[in-house]
Amino acid sequence: RDYFIDLLLKEAGWALDKKQDLEFEVTGMPNAEGKGFVDYVLWGDDGKPLGLVEAKRTKRDARAGQQQAKLYADCLEKLFGQRPVIFYSNGYDHWLWDDTNYPPRPVQGFLKKAELEFIIQRRTTRLPLASATIDTAIVERYYQTRAIRRIGEAFEKDHDRKALLVMATGAGKTRTVIALCDLLMRCNWAKRVLFLADRVALVKQAVGAFKMHLPASSPVNLVTEKDTGGRVYVSTYPTMMGLIDETHDGQKKFGVGHFDLVIIDEAHRSVYQKYGAIFDYFDSLLVGLTATPKDEVDRNTYRLFE
């Protein structure tokens with residue numbers, strides 16, 4: 001815990017300086033005493049649990065703690081009226097489980113307080129995508145709205161977290177994905193978006209398109225504006241590779257939960273082999289854009305969306 005889990009939690013802004021943060025006692029466990037001790041509880045400012053962490057020894061599979069973590073979540077929900085997001089970890093492998101919406105998934109660390117607050121708030125404020133209006137000032141063509149509806153269906157109905165959008169060159173992939181971002185933001189599915197391109201020229205082009213069609217998203221060019229805040233961030237892969245390692249006052253600038261949606265432009269290129277660490281790092285919905293038929297997409301990249 002000292003060398004791995006505590007360090008990652010502190011990088012996510014959890015000070016762990018209060019008694020109730022560690023070994024928090026709960027009742028209602030299915031054992032003789034009816035009691036248990038939660039390894040870590042991540043508290044919100046209102047005194048309710050946002051998350052919990054079940055820690056296992058490094059030599060054990062982290063998934064061995066899944067059922068125990070669920071029982072702790074049951075106890076905390078009964079005590080405080082709010083179900084926390086579940087993490088279980090052995091220091092090397094970490095799993096996140098928001099069991100109200102998704103099955104468990106591996107992550108590269110822990111979420112910050114604001115990110116956990118957004119997940120819990122989104123449980124009740126997220127609007128249905130199927131009935132929401134698509135902005136026809138951004139996209140006008142039938143196939144563009146159809147693509148957006150199909151991605152929305154994959155996210156909402158199928159509970160998928162990845163989508164690959166294949167459209168011919170000049171068919172308006174960028175405008176389509178801008179309209180998708182607008183839809184996800186208005187329906188409270190996404191707060192911050194990361195758009196990745198492989199050339200500086202494409203970054204500038206994407207920033208200009210977002211400024212034209214979705215100015216309220218305050219698009220940021222991370223190549224030139226690393227300290228600017230917004231809702232849509234556009235970057236090259238090498239720039240983002242450097243930024244995910246940056247820390248300020250011991251905290252990660254871009255934590256694993258910073259972005260709710262990551263968009264990969266030109267996904268037909270072999271981006272996974274060189275920059276797969278980015279996609280593995282962020283716990284986000286993922287959309288790839290390509291003009292290449294899926295059976296011709298580089299295998300290492302295409303397996304992202306299988």
# chains A, B, ... in the order shown; residues from 1 in each chain; ligands from 1

call {"tool": "residues_around", "arguments": {"residues": "A:Leu214", "least_positions_apart": "4", "cutoff": "12 Å", "atoms": "only C-alpha atoms", "output": "list of chain:residue names"}}
result
A:Asp135, A:Ala137, A:Ile138, A:Val139, A:Thr174, A:Arg175, A:Thr176, A:Val177, A:Ile178, A:Ala179, A:Leu180, A:Cys181, A:Asp182, A:Leu183, A:Met185, A:Arg186, A:Ala206, A:Val207, A:Gly208, A:Ala209, A:Phe210, A:Ser218, A:Pro219, A:Arg231, A:Val232

call {"tool": "write_last_selection", "arguments": {"atoms": "N, CA and C atoms", "output": "short mmCIF file (atom, residue, chain, number, x, y, z; two decimals), in the first residue's frame"}}
result
data_model
loop_
_atom_site.label_atom_id
_atom_site.label_comp_id
_atom_site.auth_asym_id
_atom_site.auth_seq_id
_atom_site.Cartn_x
_atom_site.Cartn_y
_atom_site.Cartn_z
N ASP A 135 -27.81 18.73 -33.39
CA ASP A 135 -27.74 20.09 -33.92
C ASP A 135 -27.52 20.06 -35.43
N ALA A 137 -27.30 22.52 -37.35
CA ALA A 137 -26.42 23.59 -37.79
C ALA A 137 -24.97 23.08 -37.91
N ILE A 138 -24.68 21.95 -37.23
CA ILE A 138 -23.35 21.37 -37.30
C ILE A 138 -23.31 20.30 -38.38
N VAL A 139 -24.29 19.41 -38.39
CA VAL A 139 -24.37 18.36 -39.42
C VAL A 139 -25.73 18.43 -40.10
N THR A 174 -15.06 15.17 -39.12
CA THR A 174 -14.81 16.11 -38.02
C THR A 174 -16.11 16.77 -37.56
N ARG A 175 -16.91 17.23 -38.50
CA ARG A 175 -18.18 17.86 -38.12
C ARG A 175 -19.11 16.85 -37.46
N THR A 176 -19.06 15.61 -37.92
CA THR A 176 -19.89 14.57 -37.30
C THR A 176 -19.51 14.37 -35.84
N VAL A 177 -18.22 14.30 -35.59
CA VAL A 177 -17.79 14.06 -34.22
C VAL A 177 -17.98 15.30 -33.34
N ILE A 178 -17.94 16.49 -33.92
CA ILE A 178 -18.25 17.71 -33.16
C ILE A 178 -19.71 17.69 -32.73
N ALA A 179 -20.59 17.29 -33.63
CA ALA A 179 -22.01 17.18 -33.28
C ALA A 179 -22.23 16.08 -32.23
N LEU A 180 -21.45 15.01 -32.30
CA LEU A 180 -21.51 13.97 -31.27
C LEU A 180 -21.09 14.52 -29.92
N CYS A 181 -19.99 15.28 -29.89
CA CYS A 181 -19.54 15.90 -28.63
C CYS A 181 -20.61 16.82 -28.06
N ASP A 182 -21.23 17.62 -28.93
CA ASP A 182 -22.30 18.51 -28.49
C ASP A 182 -23.43 17.71 -27.85
N LEU A 183 -23.82 16.61 -28.49
CA LEU A 183 -24.90 15.77 -27.96
C LEU A 183 -24.53 15.18 -26.60
N MET A 185 -22.35 16.25 -24.44
CA MET A 185 -22.22 17.28 -23.42
C MET A 185 -23.59 17.77 -22.95
N ARG A 186 -24.50 17.99 -23.90
CA ARG A 186 -25.83 18.47 -23.52
C ARG A 186 -26.60 17.43 -22.71
N ALA A 206 -8.55 21.04 -36.41
CA ALA A 206 -9.61 20.57 -35.52
C ALA A 206 -10.03 21.67 -34.54
N VAL A 207 -9.05 22.40 -33.99
CA VAL A 207 -9.38 23.50 -33.08
C VAL A 207 -10.24 24.54 -33.78
N GLY A 208 -9.87 24.87 -35.02
CA GLY A 208 -10.66 25.83 -35.79
C GLY A 208 -12.08 25.33 -36.03
N ALA A 209 -12.23 24.04 -36.31
CA ALA A 209 -13.57 23.48 -36.55
C ALA A 209 -14.42 23.52 -35.29
N PHE A 210 -13.83 23.20 -34.13
CA PHE A 210 -14.57 23.26 -32.87
C PHE A 210 -14.96 24.71 -32.54
N SER A 218 -15.05 25.89 -25.66
CA SER A 218 -13.75 26.53 -25.37
C SER A 218 -12.58 25.63 -25.75
N PRO A 219 -12.45 25.29 -27.03
CA PRO A 219 -11.39 24.35 -27.45
C PRO A 219 -9.99 24.87 -27.15
N ARG A 231 -13.26 22.70 -22.34
CA ARG A 231 -14.00 21.44 -22.31
C ARG A 231 -13.54 20.49 -23.40
N VAL A 232 -12.97 21.03 -24.46
CA VAL A 232 -12.41 20.21 -25.54
C VAL A 232 -10.92 20.53 -25.66
#

call {"tool": "select_by_dssp", "arguments": {"residues": "stretch 13-129 of chain A", "states": "alpha helix (DSSP H)", "output": "PyMOL selection string"}}
result
chain A and resi 66-80+113-125

call {"tool": "residues_around", "arguments": {"residues": "stretch 187-191 of chain A", "least_positions_apart": "4", "cutoff": "7 Å", "atoms": "only C-alpha atoms", "output": "ChimeraX atom specification"}}
result
/A:122,125-129,183,231,260-261

call {"tool": "write_last_selection", "arguments": {"atoms": "all heavy atoms", "output": "CSV table (one decimal), in the first residue's frame"}}
result
chain,number,residue,atom,x,y,z
A,122,ARG,N,-23.9,11.8,-12.5
A,122,ARG,CA,-24.4,11.4,-13.8
A,122,ARG,C,-25.4,10.3,-13.7
A,122,ARG,O,-26.2,10.1,-14.7
A,122,ARG,CB,-23.2,11.0,-14.6
A,122,ARG,CG,-23.4,10.9,-16.1
A,122,ARG,CD,-22.1,11.0,-16.9
A,122,ARG,NE,-21.1,10.1,-16.3
A,122,ARG,CZ,-19.8,10.1,-16.7
A,122,ARG,NH1,-19.4,10.9,-17.6
A,122,ARG,NH2,-18.9,9.3,-16.1
A,125,THR,N,-28.6,12.4,-13.6
A,125,THR,CA,-28.8,13.5,-14.4
A,125,THR,C,-28.5,13.3,-15.9
A,125,THR,O,-28.8,14.1,-16.7
A,125,THR,CB,-27.9,14.7,-14.0
A,125,THR,OG1,-26.5,14.3,-14.1
A,125,THR,CG2,-28.2,15.1,-12.5
A,126,ARG,N,-28.0,12.1,-16.2
A,126,ARG,CA,-27.7,11.8,-17.6
A,126,ARG,C,-29.0,11.6,-18.4
A,126,ARG,O,-29.9,10.8,-18.0
A,126,ARG,CB,-26.8,10.5,-17.7
A,126,ARG,CG,-26.2,10.3,-19.0
A,126,ARG,CD,-25.1,9.3,-18.9
A,126,ARG,NE,-25.5,8.0,-18.5
A,126,ARG,CZ,-24.6,6.9,-18.3
A,126,ARG,NH1,-23.4,7.1,-18.7
A,126,ARG,NH2,-25.1,5.8,-17.9
A,127,LEU,N,-29.1,12.3,-19.5
A,127,LEU,CA,-30.3,12.3,-20.3
A,127,LEU,C,-30.2,11.2,-21.4
A,127,LEU,O,-29.1,10.9,-21.9
A,127,LEU,CB,-30.6,13.6,-20.9
A,127,LEU,CG,-30.7,14.8,-20.0
A,127,LEU,CD1,-30.9,16.1,-20.7
A,127,LEU,CD2,-31.9,14.6,-19.0
A,128,PRO,N,-31.3,10.7,-21.9
A,128,PRO,CA,-31.2,9.7,-23.0
A,128,PRO,C,-30.7,10.3,-24.3
A,128,PRO,O,-31.2,11.4,-24.7
A,128,PRO,CB,-32.7,9.2,-23.1
A,128,PRO,CG,-33.5,10.2,-22.4
A,128,PRO,CD,-32.7,10.9,-21.4
A,129,LEU,N,-29.8,9.6,-24.9
A,129,LEU,CA,-29.3,10.1,-26.2
A,129,LEU,C,-30.2,9.9,-27.3
A,129,LEU,O,-30.3,10.7,-28.3
A,129,LEU,CB,-27.9,9.4,-26.5
A,129,LEU,CG,-26.8,9.6,-25.5
A,129,LEU,CD1,-25.6,8.7,-25.8
A,129,LEU,CD2,-26.4,11.0,-25.4
A,183,LEU,N,-23.8,16.6,-28.5
A,183,LEU,CA,-24.9,15.8,-28.0
A,183,LEU,C,-24.5,15.2,-26.6
A,183,LEU,O,-25.3,15.2,-25.6
A,183,LEU,CB,-25.2,14.6,-29.0
A,183,LEU,CG,-26.3,13.7,-28.6
A,183,LEU,CD1,-27.7,14.4,-28.6
A,183,LEU,CD2,-26.3,12.4,-29.5
A,231,ARG,N,-13.3,22.7,-22.3
A,231,ARG,CA,-14.0,21.4,-22.3
A,231,ARG,C,-13.5,20.5,-23.4
A,231,ARG,O,-13.7,19.3,-23.3
A,231,ARG,CB,-15.5,21.7,-22.4
A,231,ARG,CG,-16.1,22.5,-21.3
A,231,ARG,CD,-17.6,22.4,-21.3
A,231,ARG,NE,-18.1,21.1,-21.0
A,231,ARG,CZ,-19.4,20.8,-21.0
A,231,ARG,NH1,-20.3,21.7,-21.2
A,231,ARG,NH2,-19.8,19.6,-20.7
A,260,ASP,N,-13.8,12.4,-20.5
A,260,ASP,CA,-14.9,11.4,-20.5
A,260,ASP,C,-15.0,10.8,-21.9
A,260,ASP,O,-15.6,9.7,-22.1
A,260,ASP,CB,-16.2,12.1,-20.2
A,260,ASP,CG,-16.2,12.8,-18.9
A,260,ASP,OD1,-16.1,12.1,-17.9
A,260,ASP,OD2,-16.2,14.1,-18.8
A,261,LEU,N,-14.4,11.5,-22.9
A,261,LEU,CA,-14.4,11.0,-24.3
A,261,LEU,C,-13.1,11.3,-24.9
A,261,LEU,O,-12.6,12.4,-24.8
A,261,LEU,CB,-15.5,11.7,-25.1
A,261,LEU,CG,-15.6,11.4,-26.6
A,261,LEU,CD1,-16.0,9.9,-26.9
A,261,LEU,CD2,-16.6,12.3,-27.3

call {"tool": "closest_atom_pairs", "arguments": {"of": "stretch 91-163 of chain A", "to": "stretch 68-74 of chain A", "cutoff": "12 Å", "atoms": "only C-alpha atoms", "output": "JSON lines"}}
result
{"residue": "A:Trp95", "atom": "CA", "partner": "A:Ala69", "partner_atom": "CA", "distance": 10.9}
{"residue": "A:Leu96", "atom": "CA", "partner": "A:Ala69", "partner_atom": "CA", "distance": 10.7}
{"residue": "A:Trp97", "atom": "CA", "partner": "A:Lys70", "partner_atom": "CA", "distance": 9.1}
{"residue": "A:Asp98", "atom": "CA", "partner": "A:Lys70", "partner_atom": "CA", "distance": 10.1}
{"residue": "A:Asp99", "atom": "CA", "partner": "A:Lys70", "partner_atom": "CA", "distance": 8.7}
{"residue": "A:Thr100", "atom": "CA", "partner": "A:Ala73", "partner_atom": "CA", "distance": 11.5}
{"residue": "A:Pro104", "atom": "CA", "partner": "A:Lys70", "partner_atom": "CA", "distance": 11.2}

call {"tool": "closest_residue", "arguments": {"among": "A:Glu25, A:Asp265, A:Asp158, A:Lys253", "to": "A:Gln205", "atoms": "only C-alpha atoms"}}
result
A:Asp265

call {"tool": "residues_around", "arguments": {"residues": "stretch 160-170 of chain A", "least_positions_apart": "2", "cutoff": "7 Å", "atoms": "only C-alpha atoms", "output": "count of residues only"}}
result
16

call {"tool": "select_by_dssp", "arguments": {"residues": "stretch 179-222 of chain A", "states": "strand (DSSP E)", "output": "list of chain:residue names"}}
result
A:Val193, A:Leu194, A:Phe195, A:Leu196, A:Ala197, A:Val220, A:Asn221

call {"tool": "write_last_selection", "arguments": {"atoms": "N, CA and C atoms", "output": "short mmCIF file (atom, residue, chain, number, x, y, z; two decimals), in the first residue's frame"}}
result
data_model
loop_
_atom_site.label_atom_id
_atom_site.label_comp_id
_atom_site.auth_asym_id
_atom_site.auth_seq_id
_atom_site.Cartn_x
_atom_site.Cartn_y
_atom_site.Cartn_z
N VAL A 193 -13.49 16.53 -23.30
CA VAL A 193 -13.19 15.70 -24.47
C VAL A 193 -11.74 15.92 -24.88
N LEU A 194 -11.08 14.84 -25.28
CA LEU A 194 -9.73 14.91 -25.83
C LEU A 194 -9.78 14.45 -27.29
N PHE A 195 -9.30 15.31 -28.19
CA PHE A 195 -9.25 15.00 -29.63
C PHE A 195 -7.77 14.86 -29.99
N LEU A 196 -7.38 13.69 -30.49
CA LEU A 196 -5.98 13.41 -30.80
C LEU A 196 -5.77 13.33 -32.31
N ALA A 197 -4.73 14.01 -32.79
CA ALA A 197 -4.35 13.97 -34.20
C ALA A 197 -2.84 13.75 -34.29
N VAL A 220 -9.13 23.94 -26.71
CA VAL A 220 -7.76 24.26 -26.31
C VAL A 220 -6.79 23.49 -27.19
N ASN A 221 -5.81 24.19 -27.74
CA ASN A 221 -4.72 23.55 -28.49
C ASN A 221 -3.60 23.24 -27.50
#

call {"tool": "residues_around", "arguments": {"residues": "stretch 47-51 of chain A", "least_positions_apart": "5", "cutoff": "9 Å", "atoms": "only C-alpha atoms", "output": "list in words"}}
result
Tyr40, Val41, Leu42, Ala73, Leu76, Glu77, Phe80, Gly81, Gln82, Arg83, Pro84, Val85, Ile86, Phe87, Leu111, Lys113, Leu116, Glu117 and Ile120 of chain A

call {"tool": "write_last_selection", "arguments": {"atoms": "all heavy atoms", "output": "short mmCIF file (atom, residue, chain, number, x, y, z; two decimals), in the first residue's frame"}}
result
data_model
loop_
_atom_site.label_atom_id
_atom_site.label_comp_id
_atom_site.auth_asym_id
_atom_site.auth_seq_id
_atom_site.Cartn_x
_atom_site.Cartn_y
_atom_site.Cartn_z
N TYR A 40 -9.83 1.48 2.08
CA TYR A 40 -9.83 2.93 1.83
C TYR A 40 -11.25 3.37 1.49
O TYR A 40 -11.93 2.70 0.71
CB TYR A 40 -8.95 3.30 0.63
CG TYR A 40 -7.49 2.93 0.71
CD1 TYR A 40 -7.08 1.64 0.39
CD2 TYR A 40 -6.52 3.87 1.04
CE1 TYR A 40 -5.74 1.29 0.42
CE2 TYR A 40 -5.18 3.53 1.08
CZ TYR A 40 -4.79 2.24 0.77
OH TYR A 40 -3.47 1.90 0.80
N VAL A 41 -11.67 4.49 2.06
CA VAL A 41 -12.91 5.13 1.64
C VAL A 41 -12.56 6.53 1.14
O VAL A 41 -11.85 7.28 1.82
CB VAL A 41 -13.95 5.22 2.77
CG1 VAL A 41 -15.22 5.91 2.27
CG2 VAL A 41 -14.30 3.83 3.30
N LEU A 42 -13.05 6.88 -0.04
CA LEU A 42 -12.79 8.19 -0.65
C LEU A 42 -14.05 9.03 -0.47
O LEU A 42 -15.09 8.75 -1.07
CB LEU A 42 -12.46 8.01 -2.14
CG LEU A 42 -11.38 6.94 -2.44
CD1 LEU A 42 -11.17 6.80 -3.93
CD2 LEU A 42 -10.06 7.28 -1.73
N ALA A 73 -19.38 -2.00 -0.54
CA ALA A 73 -20.20 -0.96 -1.18
C ALA A 73 -21.64 -1.05 -0.72
O ALA A 73 -22.31 -0.03 -0.49
CB ALA A 73 -20.10 -1.08 -2.70
N LEU A 76 -21.77 0.48 2.79
CA LEU A 76 -21.64 1.94 2.77
C LEU A 76 -22.90 2.59 2.20
O LEU A 76 -23.34 3.63 2.69
CB LEU A 76 -20.42 2.34 1.94
CG LEU A 76 -19.05 2.06 2.59
CD1 LEU A 76 -17.93 2.26 1.58
CD2 LEU A 76 -18.83 2.96 3.81
N GLU A 77 -23.48 1.97 1.19
CA GLU A 77 -24.71 2.51 0.62
C GLU A 77 -25.84 2.49 1.65
O GLU A 77 -26.63 3.44 1.75
CB GLU A 77 -25.11 1.71 -0.62
CG GLU A 77 -26.36 2.25 -1.31
CD GLU A 77 -26.73 1.45 -2.54
OE1 GLU A 77 -26.22 0.33 -2.73
OE2 GLU A 77 -27.56 1.96 -3.33
N PHE A 80 -25.01 5.36 4.25
CA PHE A 80 -24.96 6.76 3.83
C PHE A 80 -25.94 7.11 2.71
O PHE A 80 -26.03 8.28 2.33
CB PHE A 80 -23.53 7.12 3.38
CG PHE A 80 -22.52 7.03 4.48
CD1 PHE A 80 -21.74 5.89 4.64
CD2 PHE A 80 -22.35 8.07 5.38
CE1 PHE A 80 -20.80 5.80 5.66
CE2 PHE A 80 -21.42 8.00 6.40
CZ PHE A 80 -20.64 6.85 6.55
N GLY A 81 -26.64 6.12 2.15
CA GLY A 81 -27.61 6.41 1.11
C GLY A 81 -27.00 6.76 -0.23
O GLY A 81 -27.68 7.34 -1.09
N GLN A 82 -25.74 6.43 -0.42
CA GLN A 82 -25.08 6.68 -1.70
C GLN A 82 -24.12 5.54 -2.01
O GLN A 82 -23.31 5.17 -1.17
CB GLN A 82 -24.29 7.99 -1.64
CG GLN A 82 -23.52 8.31 -2.92
CD GLN A 82 -22.99 9.73 -2.92
OE1 GLN A 82 -23.73 10.68 -3.12
NE2 GLN A 82 -21.69 9.87 -2.66
N ARG A 83 -24.25 4.98 -3.21
CA ARG A 83 -23.39 3.85 -3.58
C ARG A 83 -22.07 4.37 -4.12
O ARG A 83 -22.03 5.10 -5.12
CB ARG A 83 -24.07 2.97 -4.62
CG ARG A 83 -23.30 1.67 -4.87
CD ARG A 83 -24.13 0.63 -5.57
NE ARG A 83 -23.45 -0.66 -5.61
CZ ARG A 83 -23.44 -1.53 -4.60
NH1 ARG A 83 -24.07 -1.24 -3.48
NH2 ARG A 83 -22.80 -2.69 -4.71
N PRO A 84 -20.96 3.98 -3.50
CA PRO A 84 -19.66 4.46 -3.98
C PRO A 84 -19.21 3.71 -5.23
O PRO A 84 -19.65 2.59 -5.50
CB PRO A 84 -18.73 4.16 -2.80
CG PRO A 84 -19.35 2.97 -2.13
CD PRO A 84 -20.84 3.14 -2.30
N VAL A 85 -18.32 4.34 -5.98
CA VAL A 85 -17.64 3.67 -7.08
C VAL A 85 -16.61 2.72 -6.48
O VAL A 85 -15.92 3.05 -5.52
CB VAL A 85 -16.95 4.69 -8.01
CG1 VAL A 85 -16.16 3.99 -9.10
CG2 VAL A 85 -17.98 5.64 -8.60
N ILE A 86 -16.51 1.52 -7.04
CA ILE A 86 -15.68 0.46 -6.46
C ILE A 86 -14.34 0.37 -7.20
O ILE A 86 -14.30 0.36 -8.43
CB ILE A 86 -16.40 -0.89 -6.54
CG1 ILE A 86 -17.69 -0.85 -5.71
CG2 ILE A 86 -15.50 -2.04 -6.08
CD1 ILE A 86 -18.61 -2.04 -5.97
N PHE A 87 -13.25 0.32 -6.43
CA PHE A 87 -11.93 0.01 -6.97
C PHE A 87 -11.39 -1.21 -6.22
O PHE A 87 -11.62 -1.35 -5.01
CB PHE A 87 -10.94 1.16 -6.75
CG PHE A 87 -11.26 2.42 -7.50
CD1 PHE A 87 -12.04 3.41 -6.91
CD2 PHE A 87 -10.76 2.64 -8.77
CE1 PHE A 87 -12.33 4.58 -7.59
CE2 PHE A 87 -11.04 3.80 -9.46
CZ PHE A 87 -11.83 4.78 -8.87
N LEU A 111 -9.41 7.77 -9.61
CA LEU A 111 -10.03 9.01 -10.06
C LEU A 111 -9.98 10.08 -8.96
O LEU A 111 -9.99 9.77 -7.77
CB LEU A 111 -11.48 8.77 -10.47
CG LEU A 111 -11.71 8.32 -11.92
CD1 LEU A 111 -11.01 6.98 -12.20
CD2 LEU A 111 -13.20 8.20 -12.22
N LYS A 113 -11.45 13.50 -6.87
CA LYS A 113 -12.73 13.74 -6.21
C LYS A 113 -13.77 14.27 -7.18
O LYS A 113 -14.90 13.77 -7.24
CB LYS A 113 -12.56 14.71 -5.04
CG LYS A 113 -13.85 15.00 -4.28
CD LYS A 113 -13.67 16.04 -3.21
CE LYS A 113 -12.85 15.52 -2.06
NZ LYS A 113 -12.80 16.50 -0.93
N LEU A 116 -15.05 11.52 -9.53
CA LEU A 116 -15.98 10.59 -8.89
C LEU A 116 -17.32 11.25 -8.63
O LEU A 116 -18.38 10.63 -8.78
CB LEU A 116 -15.38 10.07 -7.57
CG LEU A 116 -14.21 9.09 -7.69
CD1 LEU A 116 -13.67 8.74 -6.32
CD2 LEU A 116 -14.65 7.81 -8.41
N GLU A 117 -17.29 12.53 -8.25
CA GLU A 117 -18.55 13.26 -8.04
C GLU A 117 -19.36 13.30 -9.33
O GLU A 117 -20.59 13.15 -9.31
CB GLU A 117 -18.24 14.69 -7.57
CG GLU A 117 -17.76 14.77 -6.14
CD GLU A 117 -17.30 16.16 -5.75
OE1 GLU A 117 -17.01 16.98 -6.65
OE2 GLU A 117 -17.23 16.45 -4.54
N ILE A 120 -21.07 9.89 -10.03
CA ILE A 120 -22.24 9.65 -9.18
C ILE A 120 -23.39 10.59 -9.57
O ILE A 120 -24.55 10.18 -9.64
CB ILE A 120 -21.85 9.80 -7.70
CG1 ILE A 120 -20.96 8.61 -7.30
CG2 ILE A 120 -23.08 9.90 -6.81
CD1 ILE A 120 -20.39 8.68 -5.92
#

call {"tool": "residues_around", "arguments": {"residues": "A:His94", "least_positions_apart": "6", "cutoff": "12 Å", "atoms": "only C-alpha atoms", "output": "list in words"}}
result
Phe4, Ile5, Leu8, Leu9, Val53, Glu54, Ala55, Lys56, Thr58, Asp61, Ala62, Arg63, Ala64, Gly65, Gln66, Ile86, Phe87, Tyr88, Pro104, Arg105, Pro106, Val107, Gln108, Gly109, Phe110, Leu111, Val256, Tyr281 and Asp283 of chain A

call {"tool": "closest_residue", "arguments": {"among": "A:Val234, A:Lys274, A:Asp227, A:Leu7", "to": "A:Leu202", "atoms": "only C-alpha atoms"}}
result
A:Val234
